[in-house]
Structures are given as structure tokens and as C-alpha cells.
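Single-structure report; data block below.
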8 protein chains.
Amino acid sequence: MGKQWVVYLSGEIHSDWRERIQTGAKSEGLDVFFVAPVTDHAKSDDCGVNILGKEENSFWHDQKASGINAIRTRNLIESADIVVVRFGDKYRQWNAAFDAGFASALGKSIITLHDDELTHALKEVDGAANAVCQTPEQVVDVLKYVTEV
Amino acid sequence: MGKQWVVYLSGEIHSDWRERIQTGAKSEGLDVFFVAPVTDHAKSDDCGVNILGKEENSFWHDQKASGINAIRTRNLIESADIVVVRFGDKYRQWNAAFDAGFASALGKSIITLHDDELTHALKEVDGAANAVCQTPEQVVDVLKYVTEV
Amino acid sequence: MGKQWVVYLSGEIHSDWRERIQTGAKSEGLDVFFVAPVTDHAKSDDCGVNILGKEENSFWHDQKASGINAIRTRNLIESADIVVVRFGDKYRQWNAAFDAGFASALGKSIITLHDDELTHALKEVDGAANAVCQTPEQVVDVLKYVTEV
Amino acid sequence: MGKQWVVYLSGEIHSDWRERIQTGAKSEGLDVFFVAPVTDHAKSDDCGVNILGKEENSFWHDQKASGINAIRTRNLIESADIVVVRFGDKYRQWNAAFDAGFASALGKSIITLHDDELTHALKEVDGAANAVCQTPEQVVDVLKYVTEV
Amino acid sequence: MGKQWVVYLSGEIHSDWRERIQTGAKSEGLDVFFVAPVTDHAKSDDCGVNILGKEENSFWHDQKASGINAIRTRNLIESADIVVVRFGDKYRQWNAAFDAGFASALGKSIITLHDDELTHALKEVDGAANAVCQTPEQVVDVLKYVTEV
Amino acid sequence: MGKQWVVYLSGEIHSDWRERIQTGAKSEGLDVFFVAPVTDHAKSDDCGVNILGKEENSFWHDQKASGINAIRTRNLIESADIVVVRFGDKYRQWNAAFDAGFASALGKSIITLHDDELTHALKEVDGAANAVCQTPEQVVDVLKYVTEV
Amino acid sequence: MGKQWVVYLSGEIHSDWRERIQTGAKSEGLDVFFVAPVTDHAKSDDCGVNILGKEENSFWHDQKASGINAIRTRNLIESADIVVVRFGDKYRQWNAAFDAGFASALGKSIITLHDDELTHALKEVDGAANAVCQTPEQVVDVLKYVTEV
Amino acid sequence: MGKQWVVYLSGEIHSDWRERIQTGAKSEGLDVFFVAPVTDHAKSDDCGVNILGKEENSFWHDQKASGINAIRTRNLIESADIVVVRFGDKYRQWNAAFDAGFASALGKSIITLHDDELTHALKEVDGAANAVCQTPEQVVDVLKYVTEV
């Protein structure tokens with residue numbers, strides 16, 4: 001057998017890019033274990049107040065959530081061999097860029113995934129990446145190549 | 001005397017926020033040494049091709065630059081005690097969020113600086129910060145408090 | 001399946017807070033492995049003299065025990081993804097605050113659990129935490145959210 | 001000459017123990033540089049709201065302060081060769097025990113300073129210490145011995 | 001039983017040295033798990049352009065490949081207990097020497113494998129090694145000795 | 001169940017102390033996995049020349065062996081949660097003291113095992129230990145206490 | 001002023017590339033401190049036997065030297081912010097590639113310097129570099145850009 | 001000028017080997033800063049009881065001292081670039097071997113200094129060393145070579 005690889009999928013939660021990668025990896029029979037942040041947008045935004053109580057002030061509402069979400073994302077990034085960071089054209093996605101920087105400082109391998117039009121804005125993030133992909137299928141191909149036994 | 005503190009100023013290079021912080025720190029007599037990325041936008045974007053030769057393809061043009069800029073930013077972040085990350089309302093600023101994640105993984109103290117309207121989009125980055133400021137003057141006040149002998 | 005999470009339960013050993021968390025996690029079907037210090041008070045205090053011989057002087061009696069207890073607690077904290085630190089209103093609980101600081105320096109995720117009346121005294125510890133809970137059930141909810149597959 | 005040693009003085013801010021140590025070290029001509037948290041109680045508690053704006057809720061009042069204070073304490077502990085942690089009989093002093101745990105995980109040398117009556121409650125913290133002192137003068141003697149050229 | 005050892009086989013991909021080691025380990029019944037870079041020369045050189053698109057310029061052709069290959073080699077070296085580095089008399093093999101330096105900085109155990117005529121040129125690499133072997137069979141003997149239960 | 005603990009048994013290979021510990025642990029049903037250096041004295045001393053060829057000079061004879069033995073001992077110490085270091089009254093046993101220092105710098109838990117007459121000579125090593133035992137049975141008791149589920 | 005940068009110059013010692021870089025940096029008034037291995041070829045090769053005594057066997061002759069040279073190179077690489085690695089067309093230069101890998105694992109910034117004809121053979125090393133230069137003057141330009149105050 | 005090197009001199013305190021090295025380094029004009037443990041035997045053994053109070057039991061007498069001495073030795077080893085470890089033919093010197101192991105795990109450069117008759121007993125410690133010297137003058141020669149500007 002080979003080594004089981006852990007891949008963290010960071011980034012926008014508004015398209016099916018994660019599903020396409022996981023489905024592709026499965027059909028290729030890759031021994032890859034995928035992890036990701038909570039992808040239900042409202043659930044992720046409100047986890048703090050849902051569990052710890054309501055906050056009138058939106059700043060503290062968000063602080064409660066980010067503390068809890070960080071438990072998940074930091075641990076999963078630390079457990080990962082490869083971190084894939086997806087950027088779409090909507091939303092600020094500063095959390096995704098933050099994840100990329102965090103992973104980079106930990107020496108993790110990074111694959112970025114985005115359309116060509118975002119290239120210039122992502123130059124520093126891409127500069128830190130091992131591979132820059134434009135489609136989820138390319139990501140699967142990189143994983144397939146890298147994990148072959 | 002006291003310890004000399006090193007503060008890295010990361011973020012948008014289109015306003016005078018760095019000057020306001022450095023001026024404020026100086027007038028308070030703080031023993032703080034400020035470092036920053038190259039803030040001349042064109043110079044920073046073109047440093048790769050200016051030194052290593054022209055690239056037709058903009059992706060490689062940017063890769064050449066980001067590799068060189070990373071020498072500066074990574075070393076300065078590593079040398080810093082505190083990293084201040086400024087977000088404005090223009091531009092993607094993914095490099096700033098990346099710097100924040102990088103600094104966070106290294107255990108650096110982080111101060112974010114941005115207007116309130118960006119709060120929700122910055123919730124994960126603010127969640128990793130020690131202090132969230134709205135004005136450069138607040139940043140100076142934090143530095144003054146933290147560095148008092 | 002998902003990743004198995006390891007959670008270290010640090011703090012007072014005079015209430016059933018650990019049992020409530022473990023029972024709650026089990027009924028939610030969470031893939032969490034709980035570890036804790038030795039919770040039998042007398043056994044923990046006397047492990048040094050019980051194994052290595054009696055000491056007349058209480059300082060050395062305690063030193064013998066703390067060395068042995070540290071083997072357990074340090075290794076378990078290092079193995080943990082999340083450290084939960086419980087503070088009650090009795091006892092000094094300096095060992096719990098020590099564990100929190102230890103975990104924080106190692107970059108572990110931290111959840112504190114205490115009544116509201118201790119908030120001001122715990123401000124620095126809570127400041128280092130990802131989440132501040134008031135009931136064991138809230139801790140279970142955080143674990144459930146964070147570990148969902 | 002010899003190496004300059006950096007010593008962080010953590011703990012209660014309600015007695016003159018820091019002054020006694022610094023005065024003693026000075027009269028012995030020790031090449032020791034002392035650092036400490038902000039010791040003005042109200043200033044330390046209110047630094048968050050004083051700089052970043054008022055909070056009605058005391059939890060968030062304290063969170064604002066602890067984030068800023070952590071910038072100072074974490075950086076100073078990291079810069080220190082030795083961390084002295086003082087415990088008195090008043091107050092919870094969980095922040096001091098937290099500092100001790102933080103320093104311990106970083107491999108710092110630790111000296112605790114407290115009356116004998118607190119010994120049993122401090123057994124785990126003392127267990128992590130290199131020396132357990134009862135007077136500031138003893139701390140000075142340890143520093144003198146350890147730093148002799 | 002005993003611990004399972006992970007051994008990374010770095011170096012030239014033009015002889016059967018890896019097969020000889022793996023076959024030898026298997027016949028000795030060693031509990032060793034072998035990992036290696038992609039050993040198909042063309043596949044390795046072209047993985048970048050095969051997945052991410054053609055590059056006219058050979059420098060960028062190679063950069064695309066090395067980024068992807070680094071995902072595999074860095075992760076496998078980090079997972080290894082022992083790194084075996086084979087040098088033959090053909091080719092520059094700078095990637096092998098690079099792997100050896102990378103492994104050395106990470107504190108990995110290193111076994112070099114090469115003919116005697118390369119000894120002087122490899123003096124710094126051999127100086128960092130735990131054992132210098134001349135045949136794959138010697139490597140197997142070292143592994144057998146080191147991993148005995 | 002509980003966590004499986006890994007314990008490295010370092011030290012003199014001329015008495016049955018390892019067997020007594022392993023037998024005791026087994027009869028107590030402890031979930032402990034024991035590892036150790038090669039304990040066949042001649043085999044350990046000659047592993048270098050046996051595998052890599054004869055050396056006339058005893059210094060190089062020993063260097064060849066120590067390089068290979070270090071592959072085993074360093075990896076096993078790094079994999080261990082606890083390092084037990086046994087000192088007898090014969091032989092210099094500098095390798096055992098070296099192992100103790102190595103383990104200490106890595107933050108491993110350490111248990112020393114020796115007769116009382118060696119106490120003064122071992123004061124620095126004992127000072128770095130979590131527990132100082134006089135019999136293998138005491139070591140088993142410490143392991144039993146520390147690993148209880 | 002600015003930060004003083006430390007730059008380690010690794011690689012072939014048969015051309016004047018180091019002098020050209022240092023001269024260039026000086027004329028640009030850069031605040032850069034350059035360090036390098038011992039560049040006297042015979043002195044470097046024979047330092048072991050010159051200090052510690054003759055060895056008949058060339059393998060041990062070289063081992064004595066590489067151990068001593070490693071004291072210098074490892075410490076200087078660790079002290080450096082940037083490591084420049086020069087490859088010429090003569091000699092195996094495995095020590096230079098080793099230095100590059102060592103520096104890479106430590107997270108150092110790397111600049112490679114070589115003619116275009118070596119590009120394919122250096123693809124993995126260049127892949128790990130922040131910048132790939134063809135002349136010492138380009139290296140000076142990178143240093144000038146990166147270190148500007 | 002060049003880099004200032006810090007060299008820690010560990011080992012027996014019953015001969016003038018430290019003075020010979022420091023004198024030799026001074027006459028060669030080396031920019032080396034030497035540090036060492038407290039070399040007054042009685043002062044070192046009794047520092048614990050001298051400062052913290054008498055202990056009837058010799059074990060605790062020694063524990064008090066070793067805790068304090070460790071503050072000095074651990075900090076000085078961590079500050080050193082090179083650790084020289086001297087072994088004589090008298091005394092157990094387990095503290096010296098411990099220091100060597102500690103330094104080795106931290107990746108420090110190590111030079112051992114001892115007569116040839118101790119070679120076999122020191123094989124593991126010498127195996128971890130960069131250079132094995134027989135006279136203090138040889139140590140000076142190594143330092144001179146390694147630190148040349």
C-alpha cells in the first residue's frame with residue numbers, strides 16, 4: 001500500500017469545487033483523506049452565538065464564531081500534508097488567504113485553485129504555492145501524480 | 001532602557017497609514033523599529049522583470065516578483081515582535097491576509113487596522129488578532145501601552 | 001469517516017463535569033477520544049511517596065508527586081488537539097491555569113469552562129481561549145460543531 | 001564581560017517584590033535586564049477600553065484588555081532567559097500560573113517565589129520550576145549565582 | 001511487534017538500486033515501509049506541463065514540474081525515519097544532494113550509497129550521514145540491524 | 001481504550017533490568033510499547049565493521065558503529081513518550097547520560113533508575129528527571145500510575 | 001537605519017563571484033554582512049588532518065575535514081537571512097546543493113546563481129529558490145531591492 | 001569584522017583546560033566569547049542549600065543545586081554556537097555527557113576533548129561530535145579555522 005495523504009480544502013463555500021475534487025479522487029482510487037472547514041455558511045457564521053449565546057454587537061457575534069471555527073481549521077491544516085486554497089471572484093475571501101499564509105509558515109505544500117483573471121491579485125499567494133491550478137480536475141491530477149505508490 | 005520592539009507594517013500601500021503610525025510613535029518617543037514591504041507599487045510589481053529579465057506571460061512576470069518580494073516580507077515578519085495588518089476598502093489585499101496567517105502560525109502578535117464596514121469579511125483575521133483598531137492613532141496607543149518601560 | 005479528535009480535560013476534580021462532557025459526546029456519536037489527569041485526589045497527591053518512598057517534608061512529598069503527574073499531563077496535553085480547562089469556585093487551581101498556559105504556548109486550541117463570576121479573574125486565560133463556555137453541554141456543542149465530518 | 005541576562009517578573013502587582021529584586025540585582029552589579037507586565041492595575045484592566053472604545057459588557061471589556069496585554073507579556077516571556085513567578089496570598093493569580101505554564105512549554109528557566117503556606121496549592125507549578133524561593137532576596141542570590149562571569 | 005520504520009529512497013532513477021533494497025528488506029522480513037520520488041524520468045520532468053499546460057520556455061516547464069514534485073518529496077522526507085541517498089557516476093544529481101541537506105536539517109537519519117570513486121566529491125554529504133554504504137545489500141544490512149525488535 | 005505509550009529503555013545492557021520492567025508491565029496489563037537500543041554488546045560495538053568493512057584503527061571502528069547505532073537510538077527516543085535511563089555501577093555509561101540529555105532537550109519525560117550510591121554523581125541527570133527510581137518495579141509502578149485509563 | 005541583513009555565499013570557490021557580489025553591495029551602500037565557507041580549497045580539504053592528525057585512508061581524511069567545516073557552514077547558514085548558492089560548470093558541487101537543501105528546510109530565503117545551461121539539472125534546487133540569477137550583479141540588485149530601508 | 005562566536009565549555013572542572021583554550025583563543029585574536037558552568041566545585045554543589053536553605057537528605061541537597069545550575073547551563077548551551085565537552089579520567093562526568101546529548105538534540109556543533117584511552121567509552125558521544133580533539137590547543141586550532149573572517 002502507500003501512505004494515506006491528508007488534504008485540507010480551504011476557500012469559498014459557494015460552488016461545488018470540493019465535491020468535484022473528492023469525486024475525482026475517488027474515481028481515481030486515490031488514498032487521500034479530505035478535510036474542510038464547515039461549509040454551511042450560516043451555520044459557520046452563527047456557531048458562536050448558537051452555542052454560547054446571542055451578541056447584540058456584530059463584532060462580538062463574529063468573534064465568538066471565529067474562535068470556534070479556528071479550532072477546526074487550525075487543527076485540520078496542521079494535520080494536512082497538502083492544503084488546497086480555492087479563490088472565486090465573489091467575496092473578499094480573506095480567510096482563505098489567511099489559511100494559505102498559515103499553511104505556508106508551517107511548511108505545508110500548497111495548491112491554489114482560481115481563474116486566470118485573479119492571477120495578479122493572487123501573485124503573493126500563488127508565489128507561495130507548489131502548483132497553481134485552474135480547475136478542480138487539475139487538482140485531482142496533481143494529487144494523483146503526487147500520491148502514486 | 002527598555003527592549004527595542006520591531007513592528008512590521010503589512011497591507012495596502014495606497015494611503016498614509018504607515019506614516020501616521022511612525023510619526024505618532026516618534027512623537028511619543030517609543031523605542032520601536034518599523035519595517036515594511038516595498039511600498040512603491042510599480043517597483044514592487046516589476047522587481048522580478050526589472051532585475052531578472054522580461055517575461056511575456058504575466059503569470060511568470062508576477063512569479064518572478066513574488067519570489068523576490070517574499071525574501072523581504074518573510075524575513076521582516078520573522079524579525080518582528082508585532083505585525084500590524086492594514087485593510088482598506090479597495091483591492092483584494094490577499095497578500096495582507098496571507099501575511100496575517102503567516103504571522104499567526106509563527107506565534108507573532110497581530111494588530112489589524114480597518115474600518116468597521118470590513119469587520120464581517122475580516123472575522124477570521126480579526127479572530128487571530130490581539131487587537132482590532134480603526135485608526136492608526138489607536139495602533140500607536142497600543143504600541144505605547146505595550147512597550148512602556 | 002472523519003479524523004479522530006483527542007481532547008484533554010484539565011481542571012478541578014471535584015465535580016462531574018468530565019462525565020457530563022464525555023456522556024454528551026458519546027450520545028452525539030462524536031469521534032472524540034478523551035484524556036485527563038488522574039482524578040483521584042489522594043492518589044494524585046500521594047503517587048510520589050506511594051511509589052518512591054515516604055518524605056517527612058511536605059515540600060518534597062509534593063515534588064515527588066508533581067514530577068510523576070507531569071509525565072502524564074505533559075504527554076496527554078501534547079497529544080491533544082483541544083484542551084478544555086475547567087475552573088470552579090473552590091481551590092486555587094493553579095495547576096489548571098498552568099496547563100492552559102502550557103497548551104497555549106504549544107499552539108493547542110483551548111476551551112475554558114467556568115461560571116460567569118470567575119470571568120474577571122480568568123481574563124488572561126479566557127483571552128487565550130478559542131471559546132469560553134459556562135456549561136459542559138456547551139463544550140459538547142463546540143466539539144460537535146468542530147468535529148463534524 | 002559576560003552575557004546579559006533577561007529576566008521576566010510575572011505575578012502579583014500589589015507588593016514591592018519586583019523593586020526588591022531589581023534593587024538587589026543592581027547593588028550586586030548584576031548584568032540583568034528586567035522586564036515585567038504593566039503593573040498599574042487599573043491601567044492594565046482598562047487598556048482595551050481606553051484605547052479601543054468602551055464596552056458595556058464586562059466580558060468584552062476584559063477581552064479587549066487581555067488581547068493587548070498578551071502582546072506585551074508573550075513577547076517579553078519569549079525574550080526572557082529566566083521567568084520569575086510570584087504568588088501572594090490574595091487574588092486568584094491565574095494569569096501568573098498561566099505565564100508559568102507558557103514559559104515552561106517554551107523551555108524557559110523558571111523561579112517561583114511564594115510563602116510556604118502556598119506550597120501545596122503550587123505543587124505543579126513548583127514542580128516545573130528550577131528553584132522555589134521564599135524571598136526576593138533569595139531570587140537575587142539565585143540570579144547572582146547563575147549569572148556570574 | 002516492533003515499530004514500523006519509514007525509509008525514503010532518494011537519488012538516481014537509472015539503476016535498480018531501489019528494487020535491490022526493497023527486495024532485500026522483504027526477504028529479511030523487515031517491517032520497513034519504503035517511499036520514493038516518482039521514478040519515471042519523463043513523467044517526472046513533464047508532470048507540470050502535462051497537468052497545468054504547456055510552457056514554451058524550458059525554465060518555466062521545469063519550474064512547473066519541480067513545484068509539483070516537491071509536494072511529493074518534501075512530504076515523504078518529512079514522514080521518513082531514515083533517508084537513503086544514492087549517487088551514481090552519471091548526471092549532476094543535485095536534487096539528491098539537495099534532499100540530503102533538507103533531511104539533515106530536519107534531523108533525519110541519513111544513509112548514503114555510492115561507489116568509492118565519488119567519496120571525495122561527496123565528503124560533505126557523507127559527513128552528514130550516519131552510514132556510508134557501497135552496495136544496496138549493505139543498506140539492507142544497516143536497516144536490518146537498526147530495526148531489529 | 002487508552003493511549004498507547006511508547007517507552008524507550010536506555011542504559012546498561014549487563015543486567016536484566018529491561019526484562020523486569022517489561023515483564024512487570026505485561027503482568028499489570030499496561031498498554032505500553034517498549035523500545036531499546038541493540039542490547040547485544042558485541043553486536044552493537046561491531047555493527048559498523050560487520051556491515052561496512054573492517055577498520056584497523058579502533059577510533060574509526062567505533063565511529064562506524066556509533067553512526068549506525070545512532071539511527072536506531074535517535075529515532076526510538078524521538079518516538080518515545082517516556083525515556084527510562086538506567087545507570088549501574090560498572091562502566092562509564094556516557095552513552096546513557098548522553099541519551100538523557102538528548103531526551104531532555106526534546107522535552108521528553110525522563111525516569112532515571114539507579115542505586116542510591118550513584119545519586120551524587122547523577123545529580124544533574126536526576127535533576128532533569130520526572131522521577132528517580134531505585135528498582136525496576138518502581139518504574140513499573142510509575143508507568144502503571146501514569147498510563148491508567 | 002534599517003535592519004542589517006546577513007547573507008551566506010555558498011558554492012564553488014574557483015571564480016570571483018563572491019568578490020563581485022560583495023564589491024557590488026559595498027558600492028551600493030547596502031547594510032549587508034556577508035559570510036562564506038573557507039574558500040581556500042586545500043586549506044578546507046585538509047583542515048581535519050592539519051589540526052587532528054594525518055589519516056592514511058582518504059575517506060577518514062575527508063571525514064575529519066567535513067566535520068570541522070560543518071561547524072562553520074551550519075552555524076553561518078543558521079545565522080543567515082538569505083543564502084546565495086552558486087553553481088558553475090565544473091566539479092560536482094554536491095556540497096552546494098546540500099547547503100541549499102539544508103537552508104530550504106530551515107525556511108531560509110534562497111537565491112541561486114548559475115548559467116542557463118545548468119537550468120535543467122538544477123530544476124529542483126531552483127524550484128526551492130526565491131530568485132534564480134545568472135550574474136553576480138543580478139544578485140546585488142536583488143539584495144538592493146530587498147534590503148531598501 | 002566577522003561574526004562573534006559563542007562557545008560553551010562543558011566538563012570536568014579539575015584541570016586548566018578552559019584556561020588553555022581561552023588563552024590560546026585570545027593570543028590568536030579570535031572573536032570568540034566563552035561561557036561555562038560555575039567551576040568552583042563546592043560552590044556548585046552547595047548553591048542550592050546556600051541560597052534556599054539546608055537539607056538533611058543529600059538527595060534533596062543535590063536536587064536544590066541541580067535545579068539552579070540547570071538555569072545557567074541550559075541557557076548558556078542554548079546561546080552557544082559551539083559546545084566543547086571535556087572528559088578526563090577521573091569522576092563519572094555524567095553531567096558532561098548529558099550536556100553533550102542536550103546540545104546534540106538542539107543541533108549545536110560539538111567538539112569533544114579527551115585522551116585516547118577514553119575513546120571506546122565515549123564512542124557515542126564522539127559519534128555526535130564534529131571534531132574529536134586530544135588537546136586544548138587542537139580545540140583552539142579548530143576554533144581559529146572555523147571562525148576565520
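Here's how to read the names in the C-alpha cells: chain A, B, ... by the order shown, residue numbers from 1 in each chain, ligand numbers from 1 in the order shown.
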Give me every helix (DSSP H, G or I) residue in chain E, going by DSSP on the backbone, as a PyMOL selection string.
chain E and resi 17-27+41-52+58-79+94-105+116-118+123-127+136-147
Which neighbours of Lys64 of chain E fall inside 8 Å, counting only C-alpha atoms, when residues of the same chain fewer than 4 positions from it are skipped, and could you give them as a PyMOL selection string?
(chain A and resi 131) or (chain E and resi 47-49+52+60+68)
May I have the residues within 9 Å of segment 91-106 of chain B as a ChimeraX atom specification, using only C-alpha atoms and disregarding those fewer than 5 positions away in the same chain?
/A:92-106,121-125 /B:10-12,73-74,77-78,82-86,112,122,125,128-129 /C:107
Within 8 Å of Ile21 of chain F, counting only C-alpha atoms, which residues show up once you throw out same-chain ones fewer than 4 positions away? Write them as an MDAnalysis selection string, please.
chainID F and resid 17 25 136:137 139:140
Find the residues in chain C near chain H: any atom within 12 Å counts, using only C-alpha atoms. Write them as a PyMOL selection string.
chain C and resi 55-57+59-61+63-64
Could you pull out the residues in chain H that DSSP calls strand (DSSP E or B) from the backbone, as a PyMOL selection string?
chain H and resi 5-11+32-35+82-86+109-113+131-133
Long-range neighbours of Arg72 of chain H as a short mmCIF file (atom, residue, chain, number, x, y, z; two decimals) with C-alpha atoms, in the first residue's frame, 12 Å cut-off, only C-alpha atoms, 6 positions minimum in chain:
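The file below, result.cif, is the result:
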```cif
data_model
loop_
_atom_site.label_atom_id
_atom_site.label_comp_id
_atom_site.auth_asym_id
_atom_site.auth_seq_id
_atom_site.Cartn_x
_atom_site.Cartn_y
_atom_site.Cartn_z
CA LYS D 3 26.23 37.60 28.76
CA TRP D 5 20.53 38.03 31.03
CA ASP D 81 16.14 33.68 29.74
CA ILE D 82 14.50 33.31 33.15
CA LYS D 108 12.40 28.75 29.84
CA SER D 109 14.07 28.54 33.23
CA ILE D 110 11.55 29.26 35.99
CA ASN D 130 14.25 25.31 38.65
CA ALA D 131 14.15 26.96 42.06
CA VAL D 142 19.99 32.75 42.51
CA LEU D 143 20.44 35.35 39.77
CA LYS D 144 23.81 36.32 41.17
CA TYR D 145 24.99 32.71 41.24
CA VAL D 146 23.65 31.86 37.83
CA THR D 147 24.99 34.94 36.03
CA GLU D 148 28.47 35.12 37.50
CA VAL D 149 31.05 35.71 34.83
CA TYR H 8 30.28 26.84 25.81
CA SER H 10 31.40 21.90 29.43
CA VAL H 35 30.89 30.71 28.62
CA ALA H 36 31.00 27.89 31.14
CA PRO H 37 29.25 26.39 34.17
CA VAL H 38 30.28 27.54 37.64
CA THR H 39 33.65 25.88 38.06
CA SER H 44 28.34 24.49 42.54
CA CYS H 47 24.43 26.57 45.69
CA ALA H 65 21.60 22.59 43.44
CA SER H 66 20.96 20.90 40.12
CA GLU H 78 21.21 27.44 24.09
CA SER H 79 23.15 30.64 23.49
CA ASP H 99 25.29 18.36 28.23
#
```
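With atom CA of Gly88 of chain F on one side and atom CA of Asp62 of chain C on the other, the separation reads 27.7 Å.
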Have a look at atom CA of Leu113 of chain B and atom CA of Cys133 of chain C and let me know their distance in Å, one decimal.
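Result for atom CA of Leu113 of chain B versus atom CA of Cys133 of chain C: 28.6 Å, one decimal.
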